[in-house]
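J.: Below is the file my_file.txt, which contains compact mmCIF, C-alpha atoms.
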# COMPACT_ATOMS: atom_id res chain seq x y z
CA MET A 649 0.00 0.00 0.00
CA PHE A 650 1.16 3.50 -0.77
CA PHE A 651 0.24 7.10 -0.11
CA ALA A 652 -1.19 9.46 -2.69
CA LYS A 653 -3.01 12.75 -2.91
CA VAL A 654 -6.30 12.95 -4.76
CA ILE A 655 -5.85 15.59 -7.47
CA GLY A 656 -8.87 15.16 -9.69
CA THR A 657 -11.70 13.18 -11.18
CA VAL A 658 -12.10 11.25 -14.42
CA TRP A 659 -15.38 11.06 -16.31
CA ALA A 660 -15.82 8.05 -18.53
CA THR A 661 -19.30 7.09 -19.70
CA ARG A 662 -18.10 4.17 -21.79
CA LYS A 663 -16.33 1.76 -19.49
CA ASP A 664 -16.28 -1.84 -18.33
CA GLU A 665 -19.79 -2.97 -17.32
CA ASN A 666 -18.69 -3.85 -13.80
CA LEU A 667 -17.27 -0.37 -13.20
CA LYS A 668 -20.41 1.58 -14.04
CA SER A 669 -21.17 2.74 -10.52
CA PHE A 670 -17.68 3.57 -9.32
CA LYS A 671 -15.86 6.86 -9.15
CA LEU A 672 -12.48 7.18 -10.84
CA GLN A 673 -10.01 9.58 -9.27
CA PHE A 674 -6.66 10.91 -10.39
CA ILE A 675 -4.11 10.41 -7.63
CA GLN A 676 -0.57 11.71 -7.30
CA PRO A 677 1.67 9.17 -5.51
CA LEU A 678 3.59 10.56 -2.53
CA ASN A 679 6.78 9.48 -0.76
CA SER A 680 7.17 9.11 2.99
CA LYS A 681 7.69 12.87 3.33
CA ARG A 682 4.42 13.42 1.50
CA GLU A 683 6.24 14.83 -1.51
CA LYS A 684 5.13 14.06 -5.07
CA THR A 685 6.81 11.06 -6.62
CA GLY A 686 6.19 9.56 -10.04
CA THR A 687 3.36 10.39 -12.39
CA PRO A 688 -0.35 10.63 -11.56
CA ILE A 689 -2.43 7.48 -11.97
CA VAL A 690 -6.13 6.72 -12.03
CA ALA A 691 -7.69 4.77 -9.15
CA VAL A 692 -11.15 3.43 -8.39
CA ASP A 693 -12.40 5.14 -5.26
CA THR A 694 -14.15 2.79 -2.83
CA VAL A 695 -14.10 5.07 0.22
CA GLY A 696 -15.44 8.41 -1.05
CA ALA A 697 -12.23 10.43 -1.04
CA GLY A 698 -12.23 14.00 -2.27
CA PRO A 699 -9.71 16.25 -4.02
CA GLY A 700 -6.81 17.31 -1.80
CA GLU A 701 -7.11 14.37 0.57
CA THR A 702 -4.21 12.03 1.30
CA VAL A 703 -5.22 8.43 0.73
CA ILE A 704 -3.87 4.90 0.90
CA TYR A 705 -4.05 2.96 -2.35
CA ILE A 706 -3.30 -0.56 -3.46
CA THR A 707 -2.17 -1.81 -6.84
CA ALA A 708 -2.23 -4.86 -9.11
CA ARG A 709 -4.74 -7.70 -9.07
CA GLU A 710 -5.58 -7.07 -5.41
CA ALA A 711 -7.07 -3.71 -6.32
CA VAL A 712 -10.34 -5.35 -7.35
CA ILE A 713 -10.91 -6.95 -3.92
CA PRO A 714 -12.60 -3.90 -2.30
CA LEU A 715 -15.17 -3.77 -5.08
CA PRO A 716 -18.42 -5.71 -4.59
CA VAL A 717 -18.12 -7.35 -8.00
CA GLU A 718 -16.83 -10.70 -9.18
CA MET A 719 -14.26 -9.24 -11.52
CA ALA A 720 -13.30 -5.87 -12.95
CA PRO A 721 -10.26 -4.60 -14.82
CA VAL A 722 -8.92 -2.50 -11.96
CA ASP A 723 -5.24 -2.23 -11.08
CA VAL A 724 -5.33 0.68 -8.63
CA SER A 725 -7.89 1.37 -5.91
CA ILE A 726 -8.15 3.75 -2.98
CA VAL A 727 -8.75 1.84 0.26
CA GLY A 728 -8.42 4.49 2.95
CA ILE A 729 -8.29 8.18 3.75
CA VAL A 730 -5.31 9.21 5.89
CA ASP A 731 -6.16 11.26 8.94
CA LYS A 732 -2.69 11.41 10.42
CA ILE A 733 0.71 9.80 10.03
CA ASP A 734 3.02 9.29 12.99
CA LEU A 735 6.52 8.73 11.73
CA LYS A 736 9.76 8.56 13.66
CA MET A 737 12.75 8.52 11.37
CA THR A 738 15.72 7.18 13.32
CA MET B 1246 -4.94 2.71 -14.42
CA ILE B 1247 -2.99 4.97 -16.69
CA LEU B 1248 -4.07 7.54 -19.20
CA GLY B 1249 -3.36 6.99 -22.89
CA LYS B 1250 -4.41 7.96 -26.37
CA VAL B 1251 -5.18 5.43 -29.09
CA VAL B 1252 -2.88 6.10 -32.01
CA GLY B 1253 -3.11 2.96 -34.10
CA THR B 1254 -4.27 -0.56 -34.72
CA VAL B 1255 -2.26 -3.79 -34.83
CA TRP B 1256 -3.03 -6.52 -37.33
CA ALA B 1257 -1.66 -9.95 -36.45
CA THR B 1258 -3.04 -12.98 -38.24
CA ARG B 1259 -0.81 -15.51 -36.53
CA LYS B 1260 -1.28 -15.16 -32.81
CA ASP B 1261 -2.27 -17.11 -29.73
CA GLU B 1262 -5.61 -18.82 -30.36
CA GLU B 1263 -7.13 -17.15 -27.32
CA LEU B 1264 -6.47 -13.78 -28.91
CA VAL B 1265 -8.42 -14.46 -32.08
CA GLY B 1266 -11.18 -11.87 -32.25
CA SER B 1267 -9.50 -9.43 -29.88
CA LYS B 1268 -8.89 -5.94 -31.18
CA LEU B 1269 -5.31 -4.83 -30.49
CA LEU B 1270 -4.70 -1.10 -30.31
CA ILE B 1271 -1.53 0.92 -29.91
CA VAL B 1272 -1.95 3.29 -27.01
CA LYS B 1273 0.56 6.04 -26.35
CA HIS B 1274 0.85 7.26 -22.79
CA VAL B 1275 -0.22 10.88 -22.27
CA ASP B 1276 0.18 13.41 -19.48
CA LEU B 1277 -2.64 15.32 -17.80
CA ASP B 1278 -2.79 17.76 -20.73
CA TYR B 1279 -3.21 14.83 -23.15
CA LYS B 1280 0.30 15.52 -24.48
CA LEU B 1281 1.79 12.34 -25.94
CA LYS B 1282 4.71 10.76 -24.14
CA ASP B 1283 7.30 8.58 -25.88
CA THR B 1284 6.15 5.30 -24.36
CA PHE B 1285 3.31 3.13 -25.59
CA VAL B 1286 1.58 -0.16 -24.97
CA VAL B 1287 -0.37 -2.60 -27.12
CA ALA B 1288 -3.70 -3.19 -25.37
CA VAL B 1289 -6.80 -5.28 -26.00
CA ASP B 1290 -9.85 -3.09 -26.50
CA THR B 1291 -12.98 -4.01 -24.51
CA VAL B 1292 -14.96 -0.78 -24.83
CA GLN B 1293 -15.03 -0.11 -28.60
CA ALA B 1294 -12.36 2.56 -28.46
CA GLY B 1295 -11.05 4.05 -31.68
CA VAL B 1296 -8.04 5.96 -32.95
CA GLY B 1297 -7.93 9.39 -31.32
CA ASP B 1298 -9.80 8.37 -28.16
CA VAL B 1299 -8.30 9.11 -24.75
CA VAL B 1300 -8.59 5.92 -22.73
CA LEU B 1301 -7.71 4.25 -19.45
CA ILE B 1302 -5.54 1.13 -19.46
CA ALA B 1303 -5.36 -1.49 -16.74
CA THR B 1304 -2.21 -3.61 -16.78
CA GLY B 1305 -0.85 -6.80 -15.31
CA SER B 1306 -3.12 -9.62 -14.16
CA SER B 1307 -5.90 -7.06 -13.63
CA ALA B 1308 -6.16 -6.91 -17.41
CA ARG B 1309 -7.63 -10.41 -17.41
CA GLN B 1310 -10.55 -9.37 -15.21
CA THR B 1311 -13.00 -8.66 -18.03
CA VAL B 1312 -15.46 -10.87 -19.85
CA ALA B 1313 -13.48 -10.43 -23.07
CA THR B 1314 -10.04 -11.18 -21.62
CA LYS B 1315 -10.71 -13.73 -18.88
CA ASN B 1316 -7.98 -16.42 -18.82
CA LYS B 1317 -6.41 -15.04 -21.98
CA PRO B 1318 -2.78 -14.07 -22.51
CA VAL B 1319 -3.38 -10.36 -22.04
CA ASP B 1320 -1.52 -7.91 -19.79
CA ALA B 1321 -2.99 -4.59 -20.92
CA VAL B 1322 -6.62 -3.76 -21.51
CA ILE B 1323 -8.51 -0.62 -22.47
CA MET B 1324 -11.34 -0.51 -19.93
CA ALA B 1325 -12.71 3.03 -20.25
CA VAL B 1326 -13.00 5.84 -22.77
CA VAL B 1327 -12.34 9.16 -21.06
CA ASP B 1328 -14.88 11.93 -21.63
CA LYS B 1329 -13.26 14.52 -19.43
CA ILE B 1330 -10.70 14.87 -16.68
CA ASP B 1331 -10.84 17.49 -14.00
CA VAL B 1332 -7.51 18.01 -12.26
CA ALA B 1333 -6.92 20.77 -9.78
CA ASP B 1334 -3.25 20.22 -8.99
Give the structure from this file in structure tokens form.

T.:
Amino acid sequence: MFFAKVIGTVWATRKDENLKSFKLQFIQPLNSKREKTGTPIVAVDTVGAGPGETVIYITAREAVIPLPVEMAPVDVSIVGIVDKIDLKMT
Amino acid sequence: MILGKVVGTVWATRKDEELVGSKLLIVKHVDLDYKLKDTFVVAVDTVQAGVGDVVLIATGSSARQTVATKNKPVDAVIMAVVDKIDVAD
């Protein structure tokens, strides 16, 4: 699981049947210092995150697990909204 | 998923039997302004995308999670045609 910031929304009327009711969000991956890293990706939002929020996301085949469908072509999904991170770098 | 733009079609008569009937499209990666990047991927189309469409691509084993690609040798699939993106950052 990784951190990212929600930076926008994607509208796509024509998409896989099993994804019809889900929201697609653009997320910018972050490093442990909450700085931008890598390029933005699109994730299925299963927790109702909004723009500007820091979220936890998962990738690959596991990304479909939070969705209440048998199968869907999803390789990134948001699984949590971060309230606070406690980090002690030693 | 990553954002891309369909720039071409691939014709391949001799291919894995499971791929017969699948439409293979060349999708160039694009940035948030739809500007083409140098990299591309060949993806199976499941949403009737065409050349010029901005699309979303799912990769890896997730690409097999559609009716059209289930258990087939596919690692990239076009699963949405993008109407609009709204990015604040």

J.: Find the residues near segment 661-666 of chain A: any atom within 6 Å, counting all atoms listed in the file, skip ones fewer than 6 places away on the same chain, and give them as a PyMOL selection string.

T.: (chain A and resi 720) or (chain B and resi 1324-1326)

J.: Output as a list in words the set of chain A residues within 8 Å of chain B, with distances taken over only C-alpha atoms.

T.: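 Result, ordered by chain then number: Ile655, Gly656, Thr657, Val658, Trp659, Ala660, Thr661, Arg662, Lys663, Asp664, Phe674, Ile689, Val690, Ala691, Pro699, Ala708, Arg709, Val712, Met719, Ala720, Pro721, Val722, Asp723 and Val724 of chain A.
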
J.: What does the distance between atom CA of Lys732 of chain A and atom CA of Ser669 of chain A come to in Å, to one decimal place?

T.: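 Going from atom CA of Lys732 of chain A over to atom CA of Ser669 of chain A, I get 29.2 Å.
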
J.: Quick one, how far is atom CA of Gly1297 of chain B from atom CA of Gly1253 of chain B?

T.: 8.5 Å

J.: Please indicate the distance in Å from atom CA of Val1289 of chain B to atom CA of Glu1262 of chain B, rounded to one decimal place.

T.: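 Taking atom CA of Val1289 of chain B as the start and atom CA of Glu1262 of chain B as the end point, the length is 14.3 Å.
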
J.: Which is closer to Val1251 of chain B than all the others in B:Lys1273, B:Asp1290, B:Lys1317, B:Asp1278, using only C-alpha atoms?

T.: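 Closest residue, counting only C-alpha atoms: B:Lys1273.
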
J.: For each of A:Leu672, A:Leu715, A:Ile729, A:Ile706, take the minimum atom-to-atom distance to Lys653 of chain A, counting all atoms listed in the file, then give the residue where this is smallest.

T.: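 The answer is A:Ile729, which sits nearest to Lys653 of chain A.
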
J.: Could you check which of A:Met649, A:Val717, A:Ile733, A:Ala697 is closest to Gln673 of chain A, using all atoms listed in the file?

T.: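 Residue with the minimum atom-to-atom distance to Gln673 of chain A: A:Ala697.
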
J.: Taking all atoms listed in the file into account, which of A:Ala652, A:Leu667, A:Ala711, A:Ile704 comes nearest Thr685 of chain A?

T.: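 Comparing A:Ala652, A:Leu667, A:Ala711, A:Ile704 against Thr685 of chain A, the winner is A:Ala652.
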